$ cat query28.cif   # mmCIF, C-alpha atoms
data_entry
loop_
_atom_site.label_atom_id
_atom_site.label_comp_id
_atom_site.auth_asym_id
_atom_site.auth_seq_id
_atom_site.Cartn_x
_atom_site.Cartn_y
_atom_site.Cartn_z
CA MET A 111 0.00 0.00 0.00
CA LEU A 112 1.30 3.49 -0.82
CA VAL A 113 0.15 6.99 0.06
CA CYS A 114 1.96 10.11 -1.21
CA MET A 115 1.96 13.44 0.63
CA PRO A 116 2.58 16.25 -1.87
CA ASN A 117 3.90 18.66 0.73
CA SER A 118 6.76 16.36 1.74
CA THR A 119 7.12 13.82 -1.11
CA GLN A 120 6.73 11.31 1.67
CA GLN A 121 5.92 7.71 0.83
CA ILE A 122 4.02 5.66 3.40
CA ARG A 123 4.14 1.87 3.29
CA PHE A 124 3.24 -1.00 5.60
CA CYS A 125 5.16 -4.01 6.86
CA THR A 126 4.30 -6.83 9.23
CA SER A 127 5.99 -7.42 12.56
CA ARG A 128 6.77 -10.89 13.88
CA ASP A 129 3.44 -11.21 15.72
CA GLY A 130 1.40 -10.09 12.71
CA THR A 131 0.95 -6.43 13.73
CA ARG A 132 0.97 -4.08 10.75
CA ILE A 133 3.49 -1.25 11.14
CA ALA A 134 3.30 1.91 9.01
CA TYR A 135 6.60 3.40 7.92
CA ALA A 136 7.55 6.35 5.75
CA VAL A 137 10.48 7.37 3.57
CA CYS A 138 11.37 10.92 2.60
CA GLY A 139 14.42 12.96 1.61
CA ASN A 140 17.58 12.09 -0.27
CA GLY A 141 21.00 10.91 0.82
CA PRO A 142 22.42 8.19 3.06
CA PRO A 143 19.74 6.28 5.02
CA LEU A 144 18.83 7.52 8.50
CA LEU A 145 16.43 5.35 10.50
CA CYS A 146 14.47 7.22 13.17
CA ALA A 147 13.30 5.24 16.19
CA GLN A 148 11.00 7.99 17.44
CA HIS A 149 9.05 8.07 20.66
CA TRP A 150 5.35 7.31 20.48
CA VAL A 151 3.81 10.81 20.06
CA HIS A 152 4.05 10.78 16.27
CA HIS A 153 1.69 10.26 13.36
CA LEU A 154 3.09 9.79 9.86
CA ASP A 155 0.06 11.47 8.33
CA HIS A 156 0.18 14.57 10.55
CA ASP A 157 3.79 15.21 11.58
CA TRP A 158 4.52 17.21 8.44
CA ASN A 159 1.71 19.64 9.34
CA SER A 160 2.93 20.06 12.93
CA PRO A 161 4.99 23.13 13.93
CA ILE A 162 6.64 20.78 16.43
CA TRP A 163 7.87 18.04 14.10
CA ARG A 164 7.98 19.65 10.65
CA PRO A 165 11.26 21.50 11.43
CA TRP A 166 12.77 18.17 12.52
CA LEU A 167 11.69 16.44 9.31
CA GLU A 168 12.86 19.27 7.06
CA MET A 169 16.22 19.36 8.82
CA LEU A 170 16.80 15.59 8.75
CA SER A 171 15.54 14.98 5.20
CA ARG A 172 17.68 17.81 3.83
CA ARG A 173 20.73 15.52 3.75
CA HIS A 174 19.36 12.03 4.36
CA SER A 175 16.80 9.50 3.24
CA VAL A 176 14.79 9.39 6.45
CA ILE A 177 12.96 6.19 7.40
CA ARG A 178 10.58 6.51 10.34
CA TYR A 179 7.57 4.58 11.56
CA ASP A 180 4.47 4.78 13.74
CA TRP A 181 4.60 2.74 16.92
CA ARG A 182 2.26 -0.20 17.26
CA GLY A 183 -0.98 1.13 18.68
CA CYS A 184 -0.28 4.59 17.24
CA GLY A 185 -0.73 6.60 14.06
CA LEU A 186 -1.35 4.49 10.97
CA SER A 187 -0.04 1.27 12.53
CA ASP A 188 -2.46 -1.30 13.95
CA ARG A 189 -4.15 0.10 17.08
CA GLU A 190 -6.48 -2.64 18.23
CA GLY A 191 -5.58 -5.94 19.85
CA VAL A 192 -1.83 -5.32 19.92
CA GLU A 193 0.65 -6.30 22.62
CA PHE A 194 2.81 -3.58 24.17
CA ALA A 195 6.19 -4.94 25.26
CA PRO A 196 9.88 -4.06 24.64
CA ASP A 197 10.51 -7.27 22.70
CA ARG A 198 7.63 -6.42 20.38
CA TYR A 199 9.01 -2.91 19.82
CA ARG A 200 12.35 -4.43 18.78
CA ASP A 201 10.54 -6.76 16.40
CA ASP A 202 8.77 -3.74 14.88
CA LEU A 203 12.05 -1.91 14.28
CA THR A 204 13.56 -5.03 12.71
CA ALA A 205 10.53 -5.42 10.44
CA VAL A 206 10.90 -1.82 9.23
CA VAL A 207 14.62 -2.28 8.52
CA GLU A 208 13.95 -5.40 6.47
CA ALA A 209 10.99 -3.92 4.61
CA ALA A 210 12.90 -0.72 3.76
CA GLY A 211 15.76 -2.81 2.37
CA ILE A 212 18.57 -0.94 4.14
CA ASP A 213 21.70 -2.95 4.96
CA ARG A 214 23.83 -0.37 6.77
CA PHE A 215 22.53 2.93 8.09
CA ALA A 216 22.72 5.65 10.71
CA MET A 217 20.07 5.62 13.44
CA LEU A 218 18.45 8.34 15.52
CA GLY A 219 16.83 7.04 18.71
CA MET A 220 14.57 9.42 20.61
CA ALA A 221 13.68 8.99 24.30
CA GLN A 222 11.99 5.58 24.63
CA GLY A 223 12.98 4.93 21.03
CA ALA A 224 16.60 5.42 22.10
CA ARG A 225 16.37 2.34 24.32
CA ILE A 226 15.12 0.31 21.38
CA GLY A 227 17.86 1.78 19.21
CA MET A 228 20.61 0.96 21.70
CA ALA A 229 19.41 -2.62 22.05
CA TYR A 230 19.29 -3.00 18.27
CA ALA A 231 22.75 -1.47 17.79
CA ALA A 232 24.20 -3.79 20.44
CA THR A 233 22.88 -6.90 18.70
CA HIS A 234 23.30 -5.74 15.06
CA PRO A 235 26.68 -3.96 14.97
CA GLU A 236 27.09 -4.77 11.29
CA ARG A 237 24.01 -2.70 10.45
CA ILE A 238 24.60 0.57 12.34
CA SER A 239 27.21 3.00 10.99
CA ARG A 240 26.47 5.80 13.47
CA LEU A 241 24.06 6.19 16.37
CA VAL A 242 22.44 9.39 17.65
CA LEU A 243 20.69 9.16 21.02
CA TYR A 244 18.36 12.01 21.94
CA GLN A 245 17.15 12.26 25.58
CA PRO A 246 18.12 8.61 26.30
CA SER A 247 18.04 6.55 29.48
CA THR A 248 19.09 3.01 30.32
CA GLY A 249 15.76 2.02 31.83
CA GLY A 250 12.42 2.91 33.34
CA ARG A 251 12.12 4.23 36.86
CA GLY A 252 10.60 0.95 37.99
CA ALA A 253 13.50 -1.14 36.66
CA PRO A 254 15.47 -3.30 39.14
CA GLY A 255 18.02 -1.32 41.10
CA ARG A 256 16.28 2.02 40.62
CA ASP A 257 15.50 4.39 43.45
CA PRO A 258 12.21 3.21 45.07
CA LYS A 259 11.13 6.86 45.40
CA GLN A 260 11.50 7.31 41.64
CA ALA A 261 9.44 4.18 41.04
CA GLU A 262 6.71 5.42 43.36
CA ALA A 263 6.71 8.84 41.68
CA GLU A 264 6.32 7.13 38.32
CA ARG A 265 3.38 5.04 39.55
CA THR A 266 1.74 8.23 40.85
CA ARG A 267 2.22 9.82 37.42
CA PHE A 268 0.56 6.81 35.81
CA GLN A 269 -2.42 7.14 38.15
CA ALA A 270 -2.73 10.83 37.30
CA MET A 271 -2.47 9.90 33.64
CA GLU A 272 -5.26 7.35 33.91
CA LEU A 273 -7.59 9.59 35.88
CA GLY A 274 -6.80 12.69 33.85
CA TRP A 275 -7.38 11.16 30.45
CA GLN A 276 -10.54 9.37 31.48
CA ASN A 277 -12.21 12.15 33.47
CA HIS A 278 -10.72 15.47 32.37
CA GLU A 279 -9.14 14.71 29.02
CA GLN A 280 -8.63 18.25 27.72
CA ALA A 281 -7.13 19.52 30.96
CA TYR A 282 -4.84 16.52 31.29
CA VAL A 283 -3.60 16.75 27.70
CA ARG A 284 -2.58 20.36 28.37
CA PHE A 285 -0.82 19.27 31.56
CA PHE A 286 0.97 16.47 29.70
CA THR A 287 2.14 18.90 27.01
CA SER A 288 3.37 21.42 29.58
CA MET A 289 5.68 18.78 31.02
CA TYR A 290 7.16 17.79 27.67
CA ILE A 291 7.56 21.25 26.14
CA PRO A 292 7.37 23.85 28.93
CA GLY A 293 8.96 26.46 26.66
CA ALA A 294 6.35 26.12 23.90
CA SER A 295 4.29 28.97 22.46
CA SER A 296 0.48 28.84 22.51
CA GLU A 297 0.47 27.65 18.90
CA GLN A 298 2.97 24.90 19.65
CA VAL A 299 1.04 23.79 22.74
CA CYS A 300 -2.18 23.52 20.74
CA ALA A 301 -0.41 21.62 17.97
CA TYR A 302 1.09 19.10 20.39
CA ASN A 303 -2.26 18.69 22.15
CA ASP A 304 -3.92 17.95 18.82
CA LEU A 305 -1.21 15.51 17.77
CA LEU A 306 -1.43 13.69 21.10
CA ARG A 307 -5.16 13.09 20.58
CA LEU A 308 -4.63 12.04 16.96
CA THR A 309 -1.75 9.68 17.72
CA THR A 310 -3.56 7.06 19.79
CA SER A 311 -6.20 6.33 22.41
CA PRO A 312 -5.69 7.11 26.11
CA MET A 313 -5.73 3.36 26.82
CA ASN A 314 -2.93 2.67 24.35
CA ALA A 315 -0.91 5.64 25.58
CA MET A 316 -1.04 4.36 29.14
CA ALA A 317 -0.16 0.82 28.03
CA ILE A 318 2.90 2.10 26.18
CA GLN A 319 4.05 4.16 29.15
CA ARG A 320 3.61 1.24 31.55
CA SER A 321 5.47 -1.13 29.23
CA PHE A 322 8.61 0.96 29.60
CA HIS A 323 8.34 1.36 33.38
CA MET A 324 10.25 -1.87 34.14
CA THR A 325 12.55 -2.03 31.10
CA ASP A 326 16.31 -2.04 31.59
CA VAL A 327 18.90 -2.05 28.78
CA SER A 328 21.89 -1.14 30.96
CA ARG A 329 23.62 -4.46 30.18
CA GLU A 330 23.23 -3.95 26.44
CA VAL A 331 24.35 -0.32 26.25
CA PRO A 332 28.11 -1.03 26.80
CA LYS A 333 27.97 -3.45 23.86
CA VAL A 334 27.27 -0.58 21.44
CA ARG A 335 30.41 -0.23 19.33
CA CYS A 336 29.51 2.25 16.59
CA PRO A 337 30.38 5.97 16.76
CA THR A 338 27.71 7.49 19.03
CA LEU A 339 26.44 11.00 19.75
CA VAL A 340 24.33 11.58 22.87
CA LEU A 341 22.24 14.77 23.20
CA HIS A 342 20.27 15.69 26.31
CA SER A 343 18.43 18.78 27.58
CA ARG A 344 19.95 20.09 30.80
CA ASP A 345 16.61 20.85 32.47
CA ASN A 346 14.57 17.94 31.10
CA ALA A 347 11.74 17.15 33.55
CA ILE A 348 10.81 13.87 31.82
CA VAL A 349 14.23 12.21 31.53
CA PRO A 350 16.77 13.78 33.93
CA PHE A 351 20.04 15.14 32.52
CA ASP A 352 22.06 12.60 34.51
CA GLU A 353 20.37 9.79 32.59
CA GLY A 354 21.89 11.01 29.33
CA ARG A 355 25.29 11.42 30.95
CA ALA A 356 25.07 7.86 32.27
CA VAL A 357 24.30 6.50 28.80
CA ALA A 358 27.23 8.37 27.26
CA SER A 359 29.59 7.04 29.93
CA LEU A 360 28.63 3.44 29.13
CA ILE A 361 29.29 3.60 25.37
CA PRO A 362 32.99 3.51 24.42
CA GLY A 363 34.05 6.77 22.78
CA ALA A 364 30.56 8.32 22.84
CA ARG A 365 30.37 12.08 22.39
CA PHE A 366 28.03 13.95 24.75
CA VAL A 367 26.33 17.29 24.09
CA GLY A 368 24.29 19.03 26.77
CA LEU A 369 21.50 21.14 25.28
CA ASN A 370 20.60 24.39 27.04
CA SER A 371 16.88 23.66 27.11
CA SER A 372 14.08 22.61 29.46
CA ASN A 373 12.13 20.95 26.65
CA HIS A 374 11.98 17.19 26.24
CA VAL A 375 10.96 17.83 22.63
CA LEU A 376 13.35 20.44 21.25
CA LEU A 377 11.72 23.35 19.39
CA ASP A 378 13.18 25.17 16.40
CA THR A 379 12.27 28.49 18.05
CA GLU A 380 14.71 28.09 20.96
CA PRO A 381 18.47 28.85 20.98
CA ALA A 382 19.39 25.21 21.66
CA TRP A 383 17.97 24.23 18.27
CA GLN A 384 20.97 25.60 16.38
CA GLN A 385 23.30 23.82 18.80
CA PHE A 386 21.39 20.61 18.11
CA VAL A 387 21.47 21.03 14.31
CA GLU A 388 25.19 21.83 14.26
CA ALA A 389 25.99 18.76 16.38
CA LEU A 390 24.01 16.52 14.02
CA ASP A 391 25.53 18.07 10.89
CA ASP A 392 28.99 17.57 12.32
CA PHE A 393 28.35 13.96 13.35
CA LEU A 394 26.25 12.63 10.46
CA PRO A 395 28.00 12.85 7.07
CA SER A 396 25.78 14.03 4.23
CA GLN A 397 27.26 11.38 1.98
CA GLN A 398 29.09 8.16 2.53
CA SER A 399 32.48 9.01 4.01
CA PRO A 400 35.35 8.39 1.57
CA VAL A 401 37.38 5.31 2.39
CA VAL A 402 40.84 6.33 3.56
CA SER A 403 42.35 3.89 1.09
CA ALA A 404 45.74 5.59 0.83
CA VAL A 405 46.24 5.38 4.58
CA VAL A 406 44.93 1.83 4.85
CA ASP A 407 47.19 0.73 2.01
CA ALA A 408 50.13 2.10 4.00
CA LEU A 409 49.40 -0.26 6.89
CA THR A 410 51.18 -3.58 7.13
CA ALA A 411 49.21 -6.83 7.09
CA ARG A 412 49.63 -7.13 10.86
CA GLU A 413 48.53 -3.51 11.39
CA ASN A 414 45.39 -4.18 9.35
CA GLU A 415 44.63 -7.14 11.61
CA VAL A 416 45.14 -4.99 14.70
CA LEU A 417 43.02 -2.18 13.27
CA GLU A 418 40.15 -4.60 12.61
CA LEU A 419 40.18 -5.67 16.27
CA VAL A 420 40.48 -2.07 17.47
CA ALA A 421 37.43 -1.21 15.36
CA GLN A 422 35.56 -4.06 17.07
CA GLY A 423 36.21 -2.33 20.40
CA LEU A 424 38.74 -4.80 21.81
CA ASP A 425 41.45 -3.69 24.25
CA ASN A 426 45.19 -4.31 23.80
CA THR A 427 45.27 -7.34 26.10
CA THR A 428 42.47 -9.07 24.17
CA ILE A 429 44.02 -8.11 20.83
CA GLY A 430 47.31 -9.63 21.96
CA LYS A 431 45.65 -12.89 22.96
CA ARG A 432 43.65 -13.00 19.72
CA LEU A 433 46.75 -12.53 17.53
CA GLY A 434 49.21 -14.46 19.67
CA ILE A 435 51.34 -11.44 20.52
CA THR A 436 52.14 -9.67 23.78
CA GLU A 437 50.02 -6.84 25.13
CA ARG A 438 53.03 -4.52 24.72
CA THR A 439 53.41 -5.44 21.07
CA ALA A 440 49.71 -4.85 20.49
CA ARG A 441 50.03 -1.45 22.16
CA ASN A 442 52.96 -0.53 19.93
CA HIS A 443 51.00 -1.52 16.83
CA VAL A 444 48.08 0.64 17.96
CA SER A 445 50.39 3.63 18.50
CA THR A 446 51.81 3.22 14.99
CA ILE A 447 48.31 2.94 13.52
CA LEU A 448 47.16 6.12 15.27
CA SER A 449 50.15 7.94 13.81
CA LYS A 450 49.47 6.67 10.28
CA LEU A 451 45.77 7.55 10.53
CA GLY A 452 46.63 11.02 11.76
CA VAL A 453 44.47 10.79 14.89
CA ASN A 454 45.21 11.40 18.56
CA SER A 455 43.03 8.87 20.34
CA ARG A 456 41.75 5.32 20.12
CA ALA A 457 38.17 6.61 19.83
CA GLN A 458 39.09 8.68 16.76
CA ALA A 459 40.85 5.67 15.26
CA ILE A 460 37.71 3.57 15.75
CA VAL A 461 35.61 6.17 13.91
CA ARG A 462 38.11 6.39 11.04
CA ALA A 463 38.43 2.61 10.82
CA ARG A 464 34.68 2.04 10.73
CA GLU A 465 34.27 4.66 8.04
CA ALA A 466 36.78 2.61 6.05
CA GLY A 467 34.77 -0.59 6.54
CA PHE A 468 36.58 -2.13 9.51
CA GLY A 469 34.84 -3.50 12.59
CA GLN A 470 31.77 -4.96 10.86
CA THR A 471 32.44 -8.45 12.18
CA LYS A 472 31.08 -9.29 15.62
CA PRO A 473 33.79 -9.96 18.26
CA ARG A 474 33.96 -13.66 19.10
#

$ encode --input "query28.cif" --output "C-alpha cells"
Amino acid sequence: MLVCMPNSTQQIRFCTSRDGTRIAYAVCGNGPPLLCAQHWVHHLDHDWNSPIWRPWLEMLSRRHSVIRYDWRGCGLSDREGVEFAPDRYRDDLTAVVEAAGIDRFAMLGMAQGARIGMAYAATHPERISRLVLYQPSTGGRGAPGRDPKQAEAERTRFQAMELGWQNHEQAYVRFFTSMYIPGASSEQVCAYNDLLRLTTSPMNAMAIQRSFHMTDVSREVPKVRCPTLVLHSRDNAIVPFDEGRAVASLIPGARFVGLNSSNHVLLDTEPAWQQFVEALDDFLPSQQSPVVSAVVDALTARENEVLELVAQGLDNTTIGKRLGITERTARNHVSTILSKLGVNSRAQAIVRAREAGFGQTKPR
C-alpha cells in the first residue's frame, strides 16, 4: 500500500511485525539512510503539518533518506488488539529495517525509542554506521536497582495519567504537554495537544508508558560499538540530565552534548535548536564518508589485523591474545596505527576505521 503526501514527497508503506501487527513506515528525503526510532507521540500522516515536528523532518531529510515509523498502537499502525512490550518494539524496528531494504545505516533514537535503538545497535553492529541518542536513558524508573522513590513517583504519574485522560481529558492533555515542552508557544502547545489526541487512544498511551516502566537495557548499552552521539536537555523534567550522561559514559568513545533547554521535545524556536542542528551536521556525514584507502594501504598486514580488532572495540590485552602477541606489542601496533591515521586517540581511530569498513564483524 502506498500513500503520497505532496507537501513532503513522503511515501508511506506498511510491513508486518513478527506477531502479525501491521506497522506503518515512511520514507522521505535524499541521501544516506537515516532510520528514526521515534518516541510514540508521532503520526506519519500529521507530523509534516505540525509546527513541532515539521522542522525536525525538514532538517533531517535535507541531507538524508529518512525512514521513520508509527509505533504499534499509534498513528497508521495497527491500534487494536496489539501487545505492548519491549521485545515487540524491537521486532517492529527489525521489520521496518527489512521492509525498507537498508543494509547499513545511521540511526536516531529518541527517548523511549533510544532504548530500542541501543538494544538493536548492540545486537546488530554490522548494520549501524552511526548512532544518535536524543534524551536517552538506560531504563524505566521501575526497573530493578532504581530508586524506590522514583518508582513510586512514576506510579503516581501513571495514576494521574489514567484519571486525567478518562475524566478530564482536555485539561490533562494540556498538563501532559506542559511537562514535555514547557517552553512552547500557545500555537505549539495547541499543535502538540492535537497531535497527542490524533496519535492514539488514552488506553494505548497508558499501556505504552507502563510497558517501559520496568525495562532495563543497561547491560546492552556497553555493547554498542559504533560511533555514538548523545544529546540531552539540561533541564529535562521527563528524563533527567544525569540519565543522558550515564548512557554516554557506558558507550565507548561516545560524544556527549548538553542542550541548554528545558524541553523534552526540542523546538526550532529556541536557541538550543541551532546547537542541536550543528551537532548533528557535524556527526552525520551528508554522503558516505570516503574510504581512507591511501592510509589503509600504507598499513602492514599485521597492522590491518590490529586495526580490525580495534574497530571491534577490543582492548590491547584481548588483541594480543587473539593474535598471539604480547600486550606490549599490540600497544605498539596501535600507536603506529594512530600515527598513520593522523588521529590522537583510540576513539578517533575507531571512527576512522569504521568509516573505512573495519569492525563490521562481531567480536567472538

$ resolve_selection --input "query28.cif" --expression "the PyMOL selection byres ((chain A and resi 413-429) around 8)" --output "JSON, numbers by chain"
{"A": [335, 362, 406, 409, 410, 411, 412, 430, 431, 432, 433, 436, 437, 438, 440, 441, 443, 444, 447, 456, 459, 460, 461, 463, 464, 468, 469, 470, 471, 472, 473]}

$ resolve_selection --input "query28.cif" --expression "the PyMOL selection byres ((chain A and resi 244) around 10)" --output "count of residues only"
25

$ residues_around --input "query28.cif" --residues "Gly130 (chain A)" --least-positions-apart "2" --cutoff "12 Å" --atoms "only C-alpha atoms" --output "CSV table (one decimal) with C-alpha atoms, in the frame of the given file"
chain,number,residue,atom,x,y,z
A,124,PHE,CA,3.2,-1.0,5.6
A,125,CYS,CA,5.2,-4.0,6.9
A,126,THR,CA,4.3,-6.8,9.2
A,127,SER,CA,6.0,-7.4,12.6
A,128,ARG,CA,6.8,-10.9,13.9
A,132,ARG,CA,1.0,-4.1,10.8
A,133,ILE,CA,3.5,-1.2,11.1
A,182,ARG,CA,2.3,-0.2,17.3
A,187,SER,CA,0.0,1.3,12.5
A,188,ASP,CA,-2.5,-1.3,14.0
A,191,GLY,CA,-5.6,-5.9,19.8
A,192,VAL,CA,-1.8,-5.3,19.9
A,193,GLU,CA,0.6,-6.3,22.6
A,198,ARG,CA,7.6,-6.4,20.4
A,201,ASP,CA,10.5,-6.8,16.4
A,202,ASP,CA,8.8,-3.7,14.9
A,205,ALA,CA,10.5,-5.4,10.4

$ resolve_selection --input "query28.cif" --expression "the PyMOL selection byres ((chain A and resi 359) around 12)" --output "PyMOL selection string"
chain A and resi 247-248+328+331-332+334+338-340+352-358+360-366

$ closest_residue --input "query28.cif" --among "A:Ser311, A:Gln121, A:Gln319, A:Thr131" --to "Glu264 (chain A)" --atoms "all atoms listed in the file"
A:Gln319

$ atom_distance --input "query28.cif" --atom1 "CA of Ile348 (chain A)" --atom2 "CA of Phe285 (chain A)"
12.8 Å

$ axis_aligned_box --input "query28.cif" --around "region 236-241 of chain A" --padding-each-side "4 Å" --output "JSON"
{"center_x": 25.6, "center_y": 0.7, "center_z": 13.4, "size_x": 11.2, "size_y": 19.0, "size_z": 13.9}

$ residues_around --input "query28.cif" --residues "Trp163 (chain A)" --least-positions-apart "6" --cutoff "10 Å" --atoms "all atoms listed in the file" --output "PDB file with C-alpha atoms, in the coordinates of the input"
ATOM      1  CA  HIS A 152       4.050  10.780  16.270  1.00  0.00           C
ATOM      2  CA  HIS A 153       1.690  10.260  13.360  1.00  0.00           C
ATOM      3  CA  HIS A 156       0.180  14.570  10.550  1.00  0.00           C
ATOM      4  CA  ASP A 157       3.790  15.210  11.580  1.00  0.00           C
ATOM      5  CA  MET A 169      16.220  19.360   8.820  1.00  0.00           C
ATOM      6  CA  ALA A 301      -0.410  21.620  17.970  1.00  0.00           C
ATOM      7  CA  TYR A 302       1.090  19.100  20.390  1.00  0.00           C
ATOM      8  CA  VAL A 375      10.960  17.830  22.630  1.00  0.00           C
ATOM      9  CA  LEU A 376      13.350  20.440  21.250  1.00  0.00           C
ATOM     10  CA  LEU A 377      11.720  23.350  19.390  1.00  0.00           C
ATOM     11  CA  ASP A 378      13.180  25.170  16.400  1.00  0.00           C
TER      12      ASP A 378
END

$ build_atoms --input "query28.cif" --residues "region 366-374 of chain A" --atoms "all heavy atoms" --output "compact mmCIF listing (two decimals), in the frame of the given file"
# COMPACT_ATOMS: atom_id res chain seq x y z
N PHE A 366 29.21 13.46 24.02
CA PHE A 366 28.03 13.95 24.75
C PHE A 366 27.88 15.45 24.55
O PHE A 366 28.85 16.21 24.66
CB PHE A 366 28.17 13.64 26.24
CG PHE A 366 26.98 14.08 27.06
CD1 PHE A 366 25.80 13.36 27.03
CD2 PHE A 366 27.05 15.22 27.85
CE1 PHE A 366 24.70 13.76 27.77
CE2 PHE A 366 25.95 15.63 28.59
CZ PHE A 366 24.79 14.90 28.56
N VAL A 367 26.64 15.87 24.26
CA VAL A 367 26.33 17.29 24.09
C VAL A 367 25.14 17.64 24.99
O VAL A 367 24.05 17.08 24.84
CB VAL A 367 25.98 17.63 22.62
CG1 VAL A 367 25.55 19.09 22.50
CG2 VAL A 367 27.17 17.35 21.72
N GLY A 368 25.37 18.54 25.93
CA GLY A 368 24.29 19.03 26.77
C GLY A 368 23.59 20.20 26.10
O GLY A 368 24.25 21.17 25.69
N LEU A 369 22.28 20.10 25.94
CA LEU A 369 21.50 21.14 25.28
C LEU A 369 20.93 22.11 26.32
O LEU A 369 20.34 21.67 27.31
CB LEU A 369 20.36 20.51 24.47
CG LEU A 369 20.78 19.51 23.39
CD1 LEU A 369 19.55 18.78 22.84
CD2 LEU A 369 21.54 20.21 22.27
N ASN A 370 21.09 23.38 26.09
CA ASN A 370 20.60 24.39 27.04
C ASN A 370 19.11 24.60 26.84
O ASN A 370 18.66 25.60 26.27
CB ASN A 370 21.37 25.69 26.87
CG ASN A 370 22.84 25.54 27.20
OD1 ASN A 370 23.18 24.88 28.18
ND2 ASN A 370 23.71 26.10 26.38
N SER A 371 18.33 23.64 27.32
CA SER A 371 16.88 23.66 27.11
C SER A 371 16.19 22.95 28.27
O SER A 371 16.78 22.08 28.92
CB SER A 371 16.53 22.96 25.80
OG SER A 371 15.13 22.83 25.63
N SER A 372 14.92 23.32 28.49
CA SER A 372 14.08 22.61 29.46
C SER A 372 13.09 21.71 28.75
O SER A 372 12.32 21.00 29.41
CB SER A 372 13.33 23.62 30.34
OG SER A 372 12.50 24.45 29.53
N ASN A 373 13.10 21.72 27.43
CA ASN A 373 12.13 20.95 26.65
C ASN A 373 12.61 19.53 26.40
O ASN A 373 13.76 19.31 26.01
CB ASN A 373 11.87 21.63 25.31
CG ASN A 373 11.16 22.96 25.45
OD1 ASN A 373 10.25 23.09 26.28
ND2 ASN A 373 11.56 23.95 24.67
N HIS A 374 11.71 18.58 26.61
CA HIS A 374 11.98 17.19 26.24
C HIS A 374 11.94 17.06 24.73
O HIS A 374 12.74 16.32 24.14
CB HIS A 374 10.93 16.28 26.89
CG HIS A 374 11.14 14.82 26.64
ND1 HIS A 374 12.23 14.13 27.13
CD2 HIS A 374 10.41 13.91 25.93
CE1 HIS A 374 12.16 12.86 26.76
NE2 HIS A 374 11.07 12.70 26.03
